[in-house]
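Data from work.cif: mmCIF, C-alpha atoms
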data_run
#
loop_
_atom_site.label_atom_id
_atom_site.label_comp_id
_atom_site.auth_asym_id
_atom_site.auth_seq_id
_atom_site.Cartn_x
_atom_site.Cartn_y
_atom_site.Cartn_z
CA MET F 232 47.10 -30.34 -46.35
CA PHE F 233 48.66 -27.60 -44.33
CA GLN F 234 45.68 -25.32 -44.98
CA GLN F 235 43.25 -27.96 -43.74
CA TRP F 236 45.28 -28.43 -40.57
CA CYS F 237 45.20 -24.67 -39.94
CA PHE F 238 41.45 -24.58 -40.51
CA PHE F 239 40.78 -27.34 -37.99
CA ARG F 240 43.11 -25.69 -35.54
CA ARG F 241 41.24 -22.39 -35.75
CA LEU F 242 37.89 -24.19 -35.48
CA LEU F 243 39.06 -26.03 -32.38
CA ALA F 244 40.27 -22.80 -30.81
CA LEU F 245 36.94 -21.14 -31.57
CA LEU F 246 35.00 -23.98 -29.98
CA LEU F 247 37.20 -23.91 -26.90
CA HIS F 248 36.68 -20.14 -26.62
CA MET F 249 32.90 -20.48 -26.91
CA ALA F 250 32.88 -23.26 -24.31
CA SER F 251 34.97 -21.20 -21.91
CA CYS F 252 32.71 -18.17 -22.36
CA GLY F 253 29.50 -20.13 -22.00
CA ALA F 254 30.59 -22.15 -19.01
CA GLY F 255 29.23 -19.50 -16.63
CA ARG F 256 25.92 -18.88 -18.46
CA PHE F 257 22.50 -20.01 -17.25
CA PRO F 258 19.66 -21.05 -19.59
CA ALA F 259 17.31 -18.23 -20.59
CA PRO F 260 13.59 -18.23 -19.73
CA ARG F 261 11.09 -19.36 -22.34
CA ASN F 262 7.55 -18.60 -23.49
CA LEU F 263 7.32 -14.92 -22.59
CA THR F 264 3.64 -13.86 -22.83
CA MET F 265 1.62 -10.82 -21.81
CA ASP F 266 -1.70 -11.38 -20.03
CA SER F 267 -3.58 -8.08 -20.18
CA GLN F 268 -7.18 -7.70 -19.03
CA ASN F 269 -9.06 -4.51 -18.12
CA MET F 270 -5.82 -2.47 -18.19
CA ASN F 271 -4.03 -4.83 -15.80
CA HIS F 272 -0.84 -6.15 -17.46
CA LEU F 273 0.86 -9.31 -16.20
CA LEU F 274 4.04 -10.63 -17.85
CA ARG F 275 4.59 -14.40 -17.56
CA TRP F 276 7.45 -16.75 -18.50
CA THR F 277 8.61 -20.34 -18.02
CA LEU F 278 11.64 -21.24 -15.94
CA PRO F 279 14.08 -23.82 -17.37
CA ALA F 280 15.00 -27.01 -15.58
CA ALA F 281 17.97 -26.26 -13.36
CA SER F 282 19.97 -28.09 -10.74
CA CYS F 283 20.48 -24.98 -8.58
CA ARG F 284 17.95 -23.22 -6.43
CA PRO F 285 16.61 -20.60 -6.08
CA VAL F 286 16.28 -19.10 -9.55
CA TYR F 287 15.93 -15.30 -9.55
CA SER F 288 14.26 -13.31 -12.33
CA SER F 289 14.73 -9.66 -13.32
CA VAL F 290 12.51 -7.70 -15.73
CA GLN F 291 13.26 -4.59 -17.81
CA PHE F 292 11.19 -2.50 -20.23
CA GLN F 293 11.89 -0.06 -23.05
CA GLY F 294 9.25 2.42 -24.21
CA GLU F 295 9.14 5.05 -26.90
CA TRP F 296 10.73 7.63 -24.60
CA GLU F 297 13.69 5.38 -23.75
CA LEU F 298 14.11 4.35 -27.37
CA LEU F 299 14.09 7.85 -28.90
CA TYR F 300 15.37 10.15 -26.15
CA LEU F 301 17.51 7.94 -23.91
CA ASN F 302 19.63 6.26 -26.58
CA GLY F 303 17.68 3.00 -26.48
CA SER F 304 18.33 2.37 -22.80
CA TRP F 305 16.38 -0.15 -20.71
CA GLU F 306 14.65 0.61 -17.41
CA ASP F 307 14.27 -1.82 -14.52
CA VAL F 308 10.84 -2.80 -13.30
CA HIS F 309 11.59 -2.01 -9.67
CA MET F 310 9.03 -4.41 -8.25
CA CYS F 311 10.44 -7.29 -10.31
CA GLN F 312 14.15 -7.42 -9.56
CA ARG F 313 15.58 -10.74 -8.33
CA ILE F 314 12.17 -12.25 -7.68
CA VAL F 315 11.50 -15.98 -7.34
CA LEU F 316 8.16 -15.82 -9.17
CA ASN F 317 7.74 -16.42 -12.89
CA MET F 318 5.36 -13.46 -13.35
CA CYS F 319 5.54 -9.71 -13.01
CA ASP F 320 2.84 -7.00 -12.81
CA VAL F 321 4.00 -4.20 -15.14
CA THR F 322 0.76 -2.18 -15.08
CA SER F 323 2.27 0.90 -13.42
CA ASP F 324 5.33 0.90 -15.72
CA LEU F 325 3.38 0.83 -18.99
CA ALA F 326 1.87 4.26 -18.39
CA THR F 327 1.31 5.44 -21.99
CA ASP F 328 -0.30 4.13 -25.16
CA SER F 329 3.05 3.66 -26.91
CA ASP F 330 4.69 0.35 -27.79
CA TYR F 331 6.83 -1.30 -25.13
CA ASN F 332 9.57 -3.92 -25.39
CA LEU F 333 10.08 -6.22 -22.41
CA ARG F 334 12.79 -8.71 -21.51
CA VAL F 335 13.62 -11.13 -18.69
CA ARG F 336 16.91 -12.50 -17.39
CA LEU F 337 17.54 -15.30 -14.87
CA GLU F 338 20.20 -15.74 -12.21
CA CYS F 339 21.10 -18.84 -10.26
CA ASP F 340 24.11 -19.62 -8.09
CA GLY F 341 25.96 -16.59 -9.43
CA HIS F 342 25.36 -17.51 -13.10
CA LEU F 343 23.39 -15.17 -15.38
CA SER F 344 21.29 -16.16 -18.36
CA PRO F 345 21.00 -14.16 -21.59
CA TRP F 346 18.09 -11.76 -21.94
CA GLU F 347 14.90 -13.20 -23.38
CA HIS F 348 12.65 -10.68 -25.18
CA LEU F 349 8.91 -10.57 -25.72
CA ARG F 350 8.25 -11.57 -29.33
CA GLU F 351 6.61 -8.30 -30.34
CA PRO F 352 6.13 -4.92 -28.66
CA PHE F 353 3.11 -4.60 -26.41
CA ASN F 354 0.64 -1.72 -26.43
CA ARG F 355 -1.88 -1.43 -23.64
CA ARG F 356 -4.59 -0.70 -26.20
CA LYS F 357 -4.54 -4.43 -26.84
CA THR F 358 -5.89 -5.18 -23.37
CA LEU F 359 -8.92 -7.46 -23.21
CA LEU F 360 -11.96 -5.66 -21.81
CA THR F 361 -14.61 -7.52 -19.83
CA VAL F 362 -17.36 -6.23 -17.60
CA VAL F 363 -19.95 -7.88 -15.34
CA MET F 364 -23.23 -6.11 -14.59
CA ALA F 365 -25.59 -6.78 -11.65
CA VAL F 366 -29.01 -5.09 -11.34
CA SER F 367 -31.22 -4.80 -8.25
CA VAL F 368 -34.55 -3.00 -7.71
CA ARG F 369 -34.97 -0.30 -5.06
CA VAL F 370 -38.64 0.82 -4.93
CA THR F 371 -38.96 2.83 -8.20
CA SER F 372 -35.25 2.94 -9.09
CA LEU F 373 -32.56 0.53 -10.25
CA TRP F 374 -29.15 0.06 -8.65
CA VAL F 375 -26.59 -1.14 -11.20
CA ARG F 376 -23.17 -2.45 -10.18
CA PHE F 377 -20.19 -3.08 -12.46
CA SER F 378 -17.02 -5.08 -11.93
CA PRO F 379 -14.14 -4.82 -12.15
CA ALA F 380 -13.72 -1.09 -11.43
CA SER F 381 -10.90 0.81 -13.14
CA PRO F 382 -10.42 4.56 -13.68
CA SER F 383 -9.22 3.84 -17.23
CA LEU F 384 -12.55 2.27 -18.25
CA THR F 385 -15.88 3.83 -19.09
CA ILE F 386 -19.21 2.07 -19.36
CA SER F 387 -21.90 2.65 -21.96
CA LEU F 388 -25.18 1.70 -20.28
CA THR F 389 -28.27 1.27 -22.45
CA ILE F 390 -31.72 1.14 -20.84
CA TRP F 391 -35.19 0.88 -22.38
CA GLU F 392 -38.68 -0.15 -21.42
CA LYS F 393 -39.57 -3.61 -22.59
CA GLY F 394 -41.77 -3.49 -25.67
CA ASP F 395 -40.77 0.11 -26.49
CA THR F 396 -37.53 -0.20 -28.45
CA LEU F 397 -38.09 3.16 -30.13
CA ASN F 398 -37.33 5.06 -26.89
CA VAL F 399 -33.90 3.64 -26.09
CA SER F 400 -31.73 5.88 -23.90
CA GLY F 401 -27.99 5.50 -23.50
CA GLN F 402 -25.90 6.74 -20.57
CA VAL F 403 -22.09 6.86 -20.23
CA ILE F 404 -20.82 6.04 -16.76
CA GLU F 405 -17.30 6.45 -15.42
CA LEU F 406 -16.15 3.40 -13.48
CA GLU F 407 -14.38 5.37 -10.77
CA GLN F 408 -17.49 4.51 -8.75
CA PRO F 409 -18.54 0.93 -9.51
CA SER F 410 -22.26 1.57 -9.01
CA TYR F 411 -24.94 3.68 -10.62
CA THR F 412 -28.60 4.44 -9.78
CA VAL F 413 -31.27 4.84 -12.45
CA GLN F 414 -34.08 6.91 -10.94
CA GLU F 415 -37.62 8.05 -11.77
CA LEU F 416 -38.82 4.86 -13.44
CA ARG F 417 -42.47 4.07 -14.06
CA GLY F 418 -44.03 1.67 -11.59
CA GLY F 419 -45.43 -1.56 -13.02
CA ALA F 420 -43.16 -1.41 -16.10
CA THR F 421 -40.35 -3.77 -17.08
CA TYR F 422 -36.99 -2.23 -17.98
CA CYS F 423 -34.11 -3.88 -19.82
CA LEU F 424 -30.42 -2.98 -19.50
CA LYS F 425 -27.15 -3.87 -21.19
CA ALA F 426 -23.65 -2.43 -20.94
CA GLN F 427 -20.35 -2.29 -22.80
CA ALA F 428 -16.92 -1.22 -21.53
CA HIS F 429 -14.34 0.73 -23.52
CA LEU F 430 -11.13 2.61 -22.83
CA ALA F 431 -11.46 6.23 -21.82
CA ASN F 432 -8.97 7.32 -24.51
CA GLY F 433 -10.97 5.76 -27.32
CA GLY F 434 -9.28 2.35 -27.40
CA GLY F 435 -10.81 -1.11 -27.65
CA ARG F 436 -14.25 -2.17 -26.56
CA SER F 437 -15.54 -5.14 -24.67
CA THR F 438 -18.33 -7.42 -25.71
CA THR F 439 -21.82 -6.35 -24.68
CA THR F 440 -23.14 -7.83 -21.46
CA PRO F 441 -26.22 -10.07 -21.58
CA THR F 442 -29.47 -8.11 -21.47
CA GLN F 443 -31.15 -8.07 -18.05
CA CYS F 444 -34.84 -7.16 -17.63
CA VAL F 445 -36.38 -6.29 -14.26
CA LEU F 446 -39.90 -5.34 -13.15
CA ILE F 447 -40.44 -2.09 -11.26
CA PRO F 448 -43.17 -2.62 -8.60
CA SER F 449 -46.26 -0.45 -8.98
CA PHE F 450 -47.40 2.04 -6.36
CA SER F 451 -50.26 -0.17 -5.18
CA SER F 452 -48.02 -3.15 -4.60
CA GLY F 453 -45.48 -0.92 -2.94
CA PHE F 454 -48.17 0.60 -0.70
CA GLN F 455 -49.43 -2.88 0.15
CA GLN F 456 -45.94 -4.00 1.11
CA THR F 457 -45.51 -0.86 3.23
CA TRP F 458 -48.87 -1.48 4.95
CA ARG F 459 -47.95 -5.06 5.72
CA PHE F 460 -44.63 -3.95 7.13
CA ALA F 461 -46.32 -1.30 9.31
CA VAL F 462 -48.81 -3.87 10.67
CA LEU F 463 -46.01 -6.28 11.41
CA VAL F 464 -44.00 -3.66 13.27
CA SER F 465 -47.06 -2.47 15.24
CA THR F 466 -47.90 -6.04 16.25
CA ALA F 467 -44.36 -6.62 17.40
CA VAL F 468 -44.39 -3.40 19.49
CA VAL F 469 -47.72 -4.27 21.14
CA GLY F 470 -46.48 -7.76 21.91
CA VAL F 471 -43.33 -6.41 23.54
CA VAL F 472 -45.34 -3.93 25.66
CA LEU F 473 -47.74 -6.65 26.84
CA LEU F 474 -44.90 -8.97 27.70
CA ALA F 475 -43.13 -6.23 29.66
CA SER F 476 -46.35 -5.44 31.58
CA LEU F 477 -46.85 -9.13 32.41
CA LEU F 478 -43.31 -9.39 33.69
CA VAL F 479 -43.72 -6.30 35.92
CA TRP F 480 -47.04 -7.59 37.37
CA SER F 481 -45.55 -11.02 38.00
CA ALA F 482 -42.58 -9.47 39.76
CA LYS F 483 -44.78 -7.42 42.08
CA ARG F 484 -47.15 -10.34 42.77
CA TRP F 485 -44.75 -13.20 43.34
CA THR F 486 -41.60 -11.54 44.65
CA PRO F 487 -42.76 -11.42 48.34
CA VAL F 488 -43.94 -15.02 48.19
CA VAL F 489 -40.70 -16.23 46.71
CA TRP F 490 -38.71 -14.15 49.17
CA TYR F 491 -40.65 -15.53 52.20
CA THR F 492 -40.33 -19.08 50.86
CA CYS F 493 -36.61 -18.90 50.23
CA PHE F 494 -35.57 -16.65 53.14
CA ALA F 495 -38.17 -17.37 55.90
CA LYS F 496 -37.01 -16.67 59.52
CA GLU F 497 -37.15 -19.60 61.95
CA SER F 498 -37.34 -19.21 65.77
CA LEU F 499 -34.46 -20.34 67.94
CA PRO F 500 -34.76 -23.63 69.83
CA ILE F 501 -35.77 -23.38 73.51
CA THR F 502 -32.35 -24.55 74.63
CA LEU F 503 -30.69 -21.58 72.93
CA ARG F 504 -32.96 -18.89 74.38
CA GLY F 505 -32.15 -16.78 77.47
CA PRO F 506 -33.91 -17.20 80.90
CA HIS F 507 -37.49 -15.89 81.22
CA PRO F 508 -39.46 -14.94 84.35
CA SER F 509 -41.26 -17.86 85.86
CA GLY F 510 -44.50 -15.97 85.67
CA ALA F 511 -44.24 -15.24 81.94
CA PRO F 512 -47.05 -16.65 79.85
CA GLN F 513 -46.53 -19.99 78.20
CA SER F 514 -46.74 -18.36 74.75
CA CYS F 515 -43.96 -15.93 75.66
CA ARG F 516 -41.70 -18.69 76.89
CA ILE F 517 -42.26 -20.62 73.67
CA THR F 518 -41.96 -17.79 71.16
CA GLY F 519 -39.72 -15.47 73.14
CA THR F 520 -41.44 -12.41 71.65
CA CYS F 521 -43.19 -10.85 74.64
CA SER F 522 -42.85 -7.16 75.19
CA GLN F 523 -41.42 -5.62 78.33
CA SER F 524 -44.79 -4.65 79.77
CA THR F 525 -46.27 -8.07 79.16
CA ALA F 526 -43.30 -9.78 80.77
CA ALA F 527 -43.22 -7.44 83.83
CA ALA F 528 -46.93 -7.66 84.81
CA PRO F 529 -46.98 -11.36 85.65
CA SER F 530 -43.84 -10.90 87.74
CA HIS F 531 -45.57 -8.32 90.05
CA ARG F 532 -48.66 -10.45 90.58
CA THR F 533 -46.54 -13.43 91.35
CA HIS F 534 -44.66 -11.44 94.01
CA ARG F 535 -47.93 -10.44 95.80
CA ARG F 536 -49.24 -13.99 95.68
CA ASN F 537 -46.02 -15.29 97.21
CA LYS F 538 -46.18 -12.67 100.04
CA SER F 539 -49.73 -13.64 101.10
CA THR F 540 -48.75 -17.28 101.10
CA ASP F 541 -45.82 -16.55 103.43
CA GLN F 542 -48.07 -14.68 105.89
CA GLN F 543 -50.50 -17.58 106.08
CA SER F 544 -47.63 -19.91 106.83
CA LEU F 545 -46.36 -17.79 109.70
CA GLN F 546 -49.85 -17.51 111.26
CA SER F 547 -50.29 -21.23 111.27
CA THR F 548 -47.03 -21.71 113.15
CA GLY F 549 -47.78 -18.98 115.68
CA VAL F 550 -44.71 -17.02 114.84
CA TYR F 551 -46.55 -14.23 113.18
CA ARG F 552 -49.55 -12.46 114.70
CA PRO F 553 -51.21 -9.56 113.00
CA ILE F 554 -51.30 -6.29 114.96
CA ARG F 555 -54.72 -5.27 116.14
CA SER F 556 -55.98 -1.86 117.11
CA SER F 557 -56.81 -2.93 120.72
CA ASP F 558 -53.18 -4.01 121.27
CA GLN F 559 -52.02 -0.56 120.59
#

Please go through the file and, once you have read it, give me the structure as structure tokens.
Amino acid sequence: MFQQWCFFRRLLALLLHMASCGAGRFPAPRNLTMDSQNMNHLLRWTLPAASCRPVYSSVQFQGEWELLYLNGSWEDVHMCQRIVLNMCDVTSDLATDSDYNLRVRLECDGHLSPWEHLREPFNRRKTLLTVVMAVSVRVTSLWVRFSPASPSLTISLTIWEKGDTLNVSGQVIELEQPSYTVQELRGGATYCLKAQAHLANGGGRSTTTPTQCVLIPSFSSGFQQTWRFAVLVSTAVVGVVLLASLLVWSAKRWTPVVWYTCFAKESLPITLRGPHPSGAPQSCRITGTCSQSTAAAPSHRTHRRNKSTDQQSLQSTGVYRPIRSSDQ
């Protein structure tokens, strides 16, 4: 009886100790998975339901170097410390083909969760390789584009002329430049292409892209297209020159007329003109444009006519008598 009482007492003390130690712990993340495609590695996890916000996440990794030469230490993923996202890009940290262990811990309102580990070590050789190929024709050559581009991937491009499977040529292309030009192809022939991506260090391979066949235009069709283009350009140039000439002729022909119509000068009213000599012609008095000589001549004649009229008046009254030679 005494032994049973001691056992229950120790069990109760152990439960109280565990409760006191776990009172400040936060639930750990769940469902750690690695999403790796074309040498881009993204670690994902699920956040637990919590009453506090925000929930911070921190990620660490342990590679072969840390495990064997650094006493099994863990290194922080510097870009994924106290982040509010539930994913972390660890591409730059997984720099070798060795196995890596990864773990995640949460923090909320000052409470830390236990570390949650990835189920099994990850090796970047397990990445899923995919490639998309696009082909376009440029005269007698083919321009091939690949996506996505990654310096860690190489492309095996296979090209052959349709109907001639015996002469199949393969070319290996580095994806540092995501495009490639296949030159010196026979005009009028149809060429087929397919590609497959693989790791540069001899790792996994992607599935082969669907075969694409394109027709290379023959020289005659190419010459005909060039001729049509030249005719079109020449016609456009001639049309522009003719239009410019028509505009210049119209400007020279109609500019004076438009200018006279819009800005014609009108003569001043008679009431606003200055005084004119009484002997000035009627046209001068109306238009006010007589020259000095024209205006002065009538004034002199008028003066002589007035003088003779005055002499006749004096003779009739007897006041004026012309001097004769006999009176002298």

Which one of F:Tyr331, F:Tyr287, F:Trp346, F:Trp374 sits closest to Met318 of chain F if you count only C-alpha atoms?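 Nearest candidate to Met318 of chain F out of F:Tyr331, F:Tyr287, F:Trp346, F:Trp374: F:Tyr287.
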
For the structure shown, which residues end up in the PyMOL selection byres ((chain F and resi 335) around 12)? Put them as a PDB file with C-alpha atoms, in the coordinates of the input, please?
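This is the output file selection_37.pdb:
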ATOM      1  CA  PRO F 258      19.660 -21.050 -19.590  1.00  0.00           C
ATOM      2  CA  ALA F 259      17.310 -18.230 -20.590  1.00  0.00           C
ATOM      3  CA  PRO F 260      13.590 -18.230 -19.730  1.00  0.00           C
ATOM      4  CA  ARG F 261      11.090 -19.360 -22.340  1.00  0.00           C
ATOM      5  CA  ASN F 262       7.550 -18.600 -23.490  1.00  0.00           C
ATOM      6  CA  LEU F 263       7.320 -14.920 -22.590  1.00  0.00           C
ATOM      7  CA  THR F 264       3.640 -13.860 -22.830  1.00  0.00           C
ATOM      8  CA  LEU F 274       4.040 -10.630 -17.850  1.00  0.00           C
ATOM      9  CA  ARG F 275       4.590 -14.400 -17.560  1.00  0.00           C
ATOM     10  CA  TRP F 276       7.450 -16.750 -18.500  1.00  0.00           C
ATOM     11  CA  THR F 277       8.610 -20.340 -18.020  1.00  0.00           C
ATOM     12  CA  LEU F 278      11.640 -21.240 -15.940  1.00  0.00           C
ATOM     13  CA  TYR F 287      15.930 -15.300  -9.550  1.00  0.00           C
ATOM     14  CA  SER F 288      14.260 -13.310 -12.330  1.00  0.00           C
ATOM     15  CA  SER F 289      14.730  -9.660 -13.320  1.00  0.00           C
ATOM     16  CA  VAL F 290      12.510  -7.700 -15.730  1.00  0.00           C
ATOM     17  CA  GLN F 291      13.260  -4.590 -17.810  1.00  0.00           C
ATOM     18  CA  PHE F 292      11.190  -2.500 -20.230  1.00  0.00           C
ATOM     19  CA  TRP F 305      16.380  -0.150 -20.710  1.00  0.00           C
ATOM     20  CA  GLU F 306      14.650   0.610 -17.410  1.00  0.00           C
ATOM     21  CA  ASP F 307      14.270  -1.820 -14.520  1.00  0.00           C
ATOM     22  CA  VAL F 308      10.840  -2.800 -13.300  1.00  0.00           C
ATOM     23  CA  CYS F 311      10.440  -7.290 -10.310  1.00  0.00           C
ATOM     24  CA  GLN F 312      14.150  -7.420  -9.560  1.00  0.00           C
ATOM     25  CA  ARG F 313      15.580 -10.740  -8.330  1.00  0.00           C
ATOM     26  CA  ILE F 314      12.170 -12.250  -7.680  1.00  0.00           C
ATOM     27  CA  LEU F 316       8.160 -15.820  -9.170  1.00  0.00           C
ATOM     28  CA  ASN F 317       7.740 -16.420 -12.890  1.00  0.00           C
ATOM     29  CA  MET F 318       5.360 -13.460 -13.350  1.00  0.00           C
ATOM     30  CA  CYS F 319       5.540  -9.710 -13.010  1.00  0.00           C
ATOM     31  CA  ASN F 332       9.570  -3.920 -25.390  1.00  0.00           C
ATOM     32  CA  LEU F 333      10.080  -6.220 -22.410  1.00  0.00           C
ATOM     33  CA  ARG F 334      12.790  -8.710 -21.510  1.00  0.00           C
ATOM     34  CA  ARG F 336      16.910 -12.500 -17.390  1.00  0.00           C
ATOM     35  CA  LEU F 337      17.540 -15.300 -14.870  1.00  0.00           C
ATOM     36  CA  GLU F 338      20.200 -15.740 -12.210  1.00  0.00           C
ATOM     37  CA  LEU F 343      23.390 -15.170 -15.380  1.00  0.00           C
ATOM     38  CA  SER F 344      21.290 -16.160 -18.360  1.00  0.00           C
ATOM     39  CA  PRO F 345      21.000 -14.160 -21.590  1.00  0.00           C
ATOM     40  CA  TRP F 346      18.090 -11.760 -21.940  1.00  0.00           C
ATOM     41  CA  GLU F 347      14.900 -13.200 -23.380  1.00  0.00           C
ATOM     42  CA  HIS F 348      12.650 -10.680 -25.180  1.00  0.00           C
ATOM     43  CA  LEU F 349       8.910 -10.570 -25.720  1.00  0.00           C
ATOM     44  CA  ARG F 350       8.250 -11.570 -29.330  1.00  0.00           C
TER      45      ARG F 350
END

Residues proximal to (22.7, -20.1, -9.0) were defined as those with any atom within 9 Å of that point in the file's coordinates, counting only C-alpha atoms. Which are they, as a ChimeraX atom specification? /F:257,281-287,338-343

Give me the result of the PyMOL selection byres ((chain F and resi 427) around 9) on this file, residue by residue, as number ranges by chain. F: 361-362, 385-389, 425-426, 428-429, 436-440

Determine, counting all atoms listed in the file, which protein, DNA and RNA residues have an atom within 6 Å of an atom of Thr371 of chain F; residues of the same chain fewer than 2 positions away are not included. Present the result as a PyMOL selection string. chain F and resi 369+416+447

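For the atom pair formed by atom CA of Ser329 of chain F and atom CA of Val315 of chain F, the distance is 29.0 Å, given to one decimal.
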
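Separating atom CA of Leu478 of chain F from atom CA of Arg459 of chain F is a distance of 28.7 Å.
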
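Distance-wise, atom CA of Leu463 of chain F and atom CA of Val368 of chain F end up 22.5 Å apart.
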
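Nearest residue to Thr327 of chain F, choosing from F:Pro487, F:Pro352, F:Gly294, F:Gly303 and counting all atoms listed in the file: F:Gly294.
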
List the neighbours of Leu446 of chain F out to 9 Å using all atoms listed in the file; skip same-chain residues closer than 2 positions along the sequence, and give me the result as a list in words.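 Returned residues: Val368, Gly418, Gly419, Ala420, Thr421, Tyr422, Cys423, Cys444 and Pro448 of chain F.
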
Once you have the residues from the selection above, write them out as an mmCIF file, in the coordinates of the input, restricted to C-alpha atoms.
data_model
loop_
_atom_site.group_PDB
_atom_site.id
_atom_site.type_symbol
_atom_site.label_atom_id
_atom_site.label_comp_id
_atom_site.auth_asym_id
_atom_site.auth_seq_id
_atom_site.Cartn_x
_atom_site.Cartn_y
_atom_site.Cartn_z
ATOM 1 C CA VAL F 368 -34.550 -3.000 -7.710
ATOM 2 C CA GLY F 418 -44.030 1.670 -11.590
ATOM 3 C CA GLY F 419 -45.430 -1.560 -13.020
ATOM 4 C CA ALA F 420 -43.160 -1.410 -16.100
ATOM 5 C CA THR F 421 -40.350 -3.770 -17.080
ATOM 6 C CA TYR F 422 -36.990 -2.230 -17.980
ATOM 7 C CA CYS F 423 -34.110 -3.880 -19.820
ATOM 8 C CA CYS F 444 -34.840 -7.160 -17.630
ATOM 9 C CA PRO F 448 -43.170 -2.620 -8.600
#
